[in-house]
Amino acid sequence: SAMVVGARVRAGAAIPLVRRPAKWLLTKLADYLTGTNIPDLNSGLRLMRRSSLEPFLPLTPDGFSFTTTVTLAMLTSGLSVAFVPIDYKVRVGQSKIRPVRDSLNFFQLILRTVMYFNPLKIFVPASLFLFLVAAGVFFYSTLWMGKLLDTTVTILFVGGLQLLAIGMLADLIGKRLK
């Protein structure tokens, strides 16, 4: 493995109730975007090969999001990351996590990191969503309203095409830089 992560998943890994929904959502997003089940996205306990880490160092931010960035970068690059369950003692002192601000920052970090390595994972679903909304507006307006909302359908459809084109360009540029 390029990296081994001590995953805090065993009994005693209590997550405060206020942080559970955001942590669950961010983990599910990271799981989808990397195509991997990530049991502990933010664990600081990890071992990694220097040779595996060095290509990603220019992308890593300062602070505790380093570990999340490295995990996402390795997974989206196809490197092997092993998650080993560990016991976790209750924290002594206060956490430095700010639930709202840090959740938004982690959301942005996940999107930015995956956009760098696999932009189609983000652009294709977004463009498909716009195509489906365009189709929905088309059928709703013609069948139930009795008139075609052609401007709305056109804007949604063209928006979907633009997102798809931007995603394909981002993917092409990313592959040329590697």
# chains A, B, ... in the order shown; residues from 1 in each chain; ligands from 1
$ select_by_dssp --residues "chain A" --states "strand (DSSP E)" --output "count of residues only"
13
$ select_by_dssp --residues "region 10-115 of chain A" --states "helix (DSSP H, G or I)" --output "number ranges by chain"
A: 17-34, 50-59, 65-76, 99-115
$ atom_distance --atom1 "CA of Val9 (chain A)" --atom2 "CA of Asp62 (chain A)"
25.8 Å
$ residues_around --residues "Pro85 (chain A)" --least-positions-apart "6" --cutoff "8 Å" --atoms "only C-alpha atoms" --output "PDB file with N, CA, C and O atoms, in the first residue's frame"
ATOM      1  N   GLY A   6      -4.869   4.629  10.146  1.00  0.00           N
ATOM      2  CA  GLY A   6      -5.505   4.109  11.357  1.00  0.00           C
ATOM      3  C   GLY A   6      -6.918   4.667  11.427  1.00  0.00           C
ATOM      4  O   GLY A   6      -7.123   5.835  11.738  1.00  0.00           O
ATOM      5  N   ALA A   7      -7.901   3.828  11.082  1.00  0.00           N
ATOM      6  CA  ALA A   7      -9.296   4.279  11.003  1.00  0.00           C
ATOM      7  C   ALA A   7      -9.975   4.136  12.359  1.00  0.00           C
ATOM      8  O   ALA A   7     -10.051   3.046  12.911  1.00  0.00           O
ATOM      9  N   ARG A   8     -10.498   5.230  12.861  1.00  0.00           N
ATOM     10  CA  ARG A   8     -11.168   5.252  14.172  1.00  0.00           C
ATOM     11  C   ARG A   8     -12.608   4.777  14.006  1.00  0.00           C
ATOM     12  O   ARG A   8     -13.533   5.573  13.946  1.00  0.00           O
ATOM     13  N   VAL A   9     -12.788   3.470  13.935  1.00  0.00           N
ATOM     14  CA  VAL A   9     -14.118   2.913  13.704  1.00  0.00           C
ATOM     15  C   VAL A   9     -14.585   1.987  14.812  1.00  0.00           C
ATOM     16  O   VAL A   9     -15.738   1.576  14.828  1.00  0.00           O
ATOM     17  N   ARG A  10     -13.740   1.648  15.717  1.00  0.00           N
ATOM     18  CA  ARG A  10     -14.115   0.721  16.784  1.00  0.00           C
ATOM     19  C   ARG A  10     -14.854   1.450  17.896  1.00  0.00           C
ATOM     20  O   ARG A  10     -14.953   2.667  17.918  1.00  0.00           O
TER      21      ARG A  10
END
$ residues_around --residues "region 172-176 of chain A" --least-positions-apart "6" --cutoff "12 Å" --atoms "only C-alpha atoms" --output "PDB file with N, CA and C atoms, in the first residue's frame"
ATOM      1  N   SER A  77      -5.880   8.845  -7.602  1.00  0.00           N
ATOM      2  CA  SER A  77      -4.789   8.531  -8.510  1.00  0.00           C
ATOM      3  C   SER A  77      -4.607   7.027  -8.687  1.00  0.00           C
ATOM      4  N   THR A 113      -9.932  18.732  -4.673  1.00  0.00           N
ATOM      5  CA  THR A 113      -8.968  17.650  -4.859  1.00  0.00           C
ATOM      6  C   THR A 113      -9.425  16.683  -5.938  1.00  0.00           C
ATOM      7  N   VAL A 114     -10.698  16.305  -5.908  1.00  0.00           N
ATOM      8  CA  VAL A 114     -11.204  15.376  -6.918  1.00  0.00           C
ATOM      9  C   VAL A 114     -11.247  16.061  -8.286  1.00  0.00           C
ATOM     10  N   MET A 115     -11.565  17.352  -8.317  1.00  0.00           N
ATOM     11  CA  MET A 115     -11.558  18.083  -9.592  1.00  0.00           C
ATOM     12  C   MET A 115     -10.173  18.052 -10.227  1.00  0.00           C
ATOM     13  N   TYR A 116      -9.158  18.064  -9.419  1.00  0.00           N
ATOM     14  CA  TYR A 116      -7.799  18.048  -9.941  1.00  0.00           C
ATOM     15  C   TYR A 116      -7.481  16.701 -10.596  1.00  0.00           C
ATOM     16  N   PHE A 117      -7.925  15.613  -9.974  1.00  0.00           N
ATOM     17  CA  PHE A 117      -7.566  14.282 -10.458  1.00  0.00           C
ATOM     18  C   PHE A 117      -8.622  13.637 -11.356  1.00  0.00           C
ATOM     19  N   ASN A 118      -9.904  13.915 -11.115  1.00  0.00           N
ATOM     20  CA  ASN A 118     -10.961  13.272 -11.896  1.00  0.00           C
ATOM     21  C   ASN A 118     -12.161  14.216 -12.026  1.00  0.00           C
ATOM     22  N   PRO A 119     -12.032  15.277 -12.831  1.00  0.00           N
ATOM     23  CA  PRO A 119     -13.098  16.272 -12.925  1.00  0.00           C
ATOM     24  C   PRO A 119     -14.409  15.721 -13.497  1.00  0.00           C
ATOM     25  N   LEU A 120     -14.352  14.668 -14.289  1.00  0.00           N
ATOM     26  CA  LEU A 120     -15.582  14.113 -14.861  1.00  0.00           C
ATOM     27  C   LEU A 120     -16.511  13.549 -13.785  1.00  0.00           C
ATOM     28  N   ALA A 165     -18.882  20.013 -21.580  1.00  0.00           N
ATOM     29  CA  ALA A 165     -17.706  20.447 -22.331  1.00  0.00           C
ATOM     30  C   ALA A 165     -16.590  20.927 -21.404  1.00  0.00           C
ATOM     31  N   ILE A 166     -16.942  21.687 -20.387  1.00  0.00           N
ATOM     32  CA  ILE A 166     -15.938  22.159 -19.428  1.00  0.00           C
ATOM     33  C   ILE A 166     -15.302  20.979 -18.707  1.00  0.00           C
TER      34      ILE A 166
END
$ closest_residue --among "A:Gly160, A:Gly146, A:Thr152, A:Pro55" --to "Leu132 (chain A)" --atoms "only C-alpha atoms"
A:Gly160
$ residues_around --residues "region 36-52 of chain A" --least-positions-apart "2" --cutoff "6 Å" --atoms "only C-alpha atoms" --output "number ranges by chain"
A: 2-7, 31, 34, 54, 68
$ residues_around --residues "region 19-28 of chain A" --least-positions-apart "4" --cutoff "12 Å" --atoms "only C-alpha atoms" --output "PyMOL selection string"
chain A and resi 13-15+32-42+68+72+95+97-111
$ write_last_selection --atoms "C-alpha atoms" --output "CSV table (one decimal), in the first residue's frame"
chain,number,residue,atom,x,y,z
A,13,ALA,CA,-14.7,6.4,18.6
A,14,ALA,CA,-17.5,8.7,19.7
A,15,ILE,CA,-18.4,11.5,17.3
A,32,TYR,CA,-18.6,8.5,-4.2
A,33,LEU,CA,-16.0,10.8,-5.8
A,34,THR,CA,-13.1,8.4,-5.0
A,35,GLY,CA,-15.0,5.2,-5.7
A,36,THR,CA,-13.7,3.8,-2.3
A,37,ASN,CA,-15.3,3.2,1.1
A,38,ILE,CA,-13.3,5.6,3.4
A,39,PRO,CA,-14.0,4.7,7.0
A,40,ASP,CA,-12.1,7.6,8.5
A,41,LEU,CA,-11.3,10.6,6.2
A,42,ASN,CA,-9.7,12.7,8.8
A,68,THR,CA,-7.7,14.5,3.9
A,72,LEU,CA,-8.2,11.8,-1.6
A,95,SER,CA,-11.6,19.9,19.7
A,97,ILE,CA,-13.1,21.7,14.8
A,98,ARG,CA,-15.7,24.5,14.1
A,99,PRO,CA,-18.7,22.5,12.7
A,100,VAL,CA,-20.1,24.9,10.1
A,101,ARG,CA,-16.9,26.6,8.8
A,102,ASP,CA,-14.8,23.4,8.8
A,103,SER,CA,-17.6,21.4,7.2
A,104,LEU,CA,-17.8,23.9,4.3
A,105,ASN,CA,-14.0,24.0,4.0
A,106,PHE,CA,-13.9,20.1,3.9
A,107,PHE,CA,-16.6,20.1,1.2
A,108,GLN,CA,-14.6,22.6,-0.8
A,109,LEU,CA,-11.4,20.6,-0.2
A,110,ILE,CA,-13.0,17.3,-1.4
A,111,LEU,CA,-14.4,18.9,-4.5
$ closest_residue --among "A:Phe56, A:Phe83, A:Tyr88, A:Phe131" --to "Leu164 (chain A)" --atoms "only C-alpha atoms"
A:Phe131
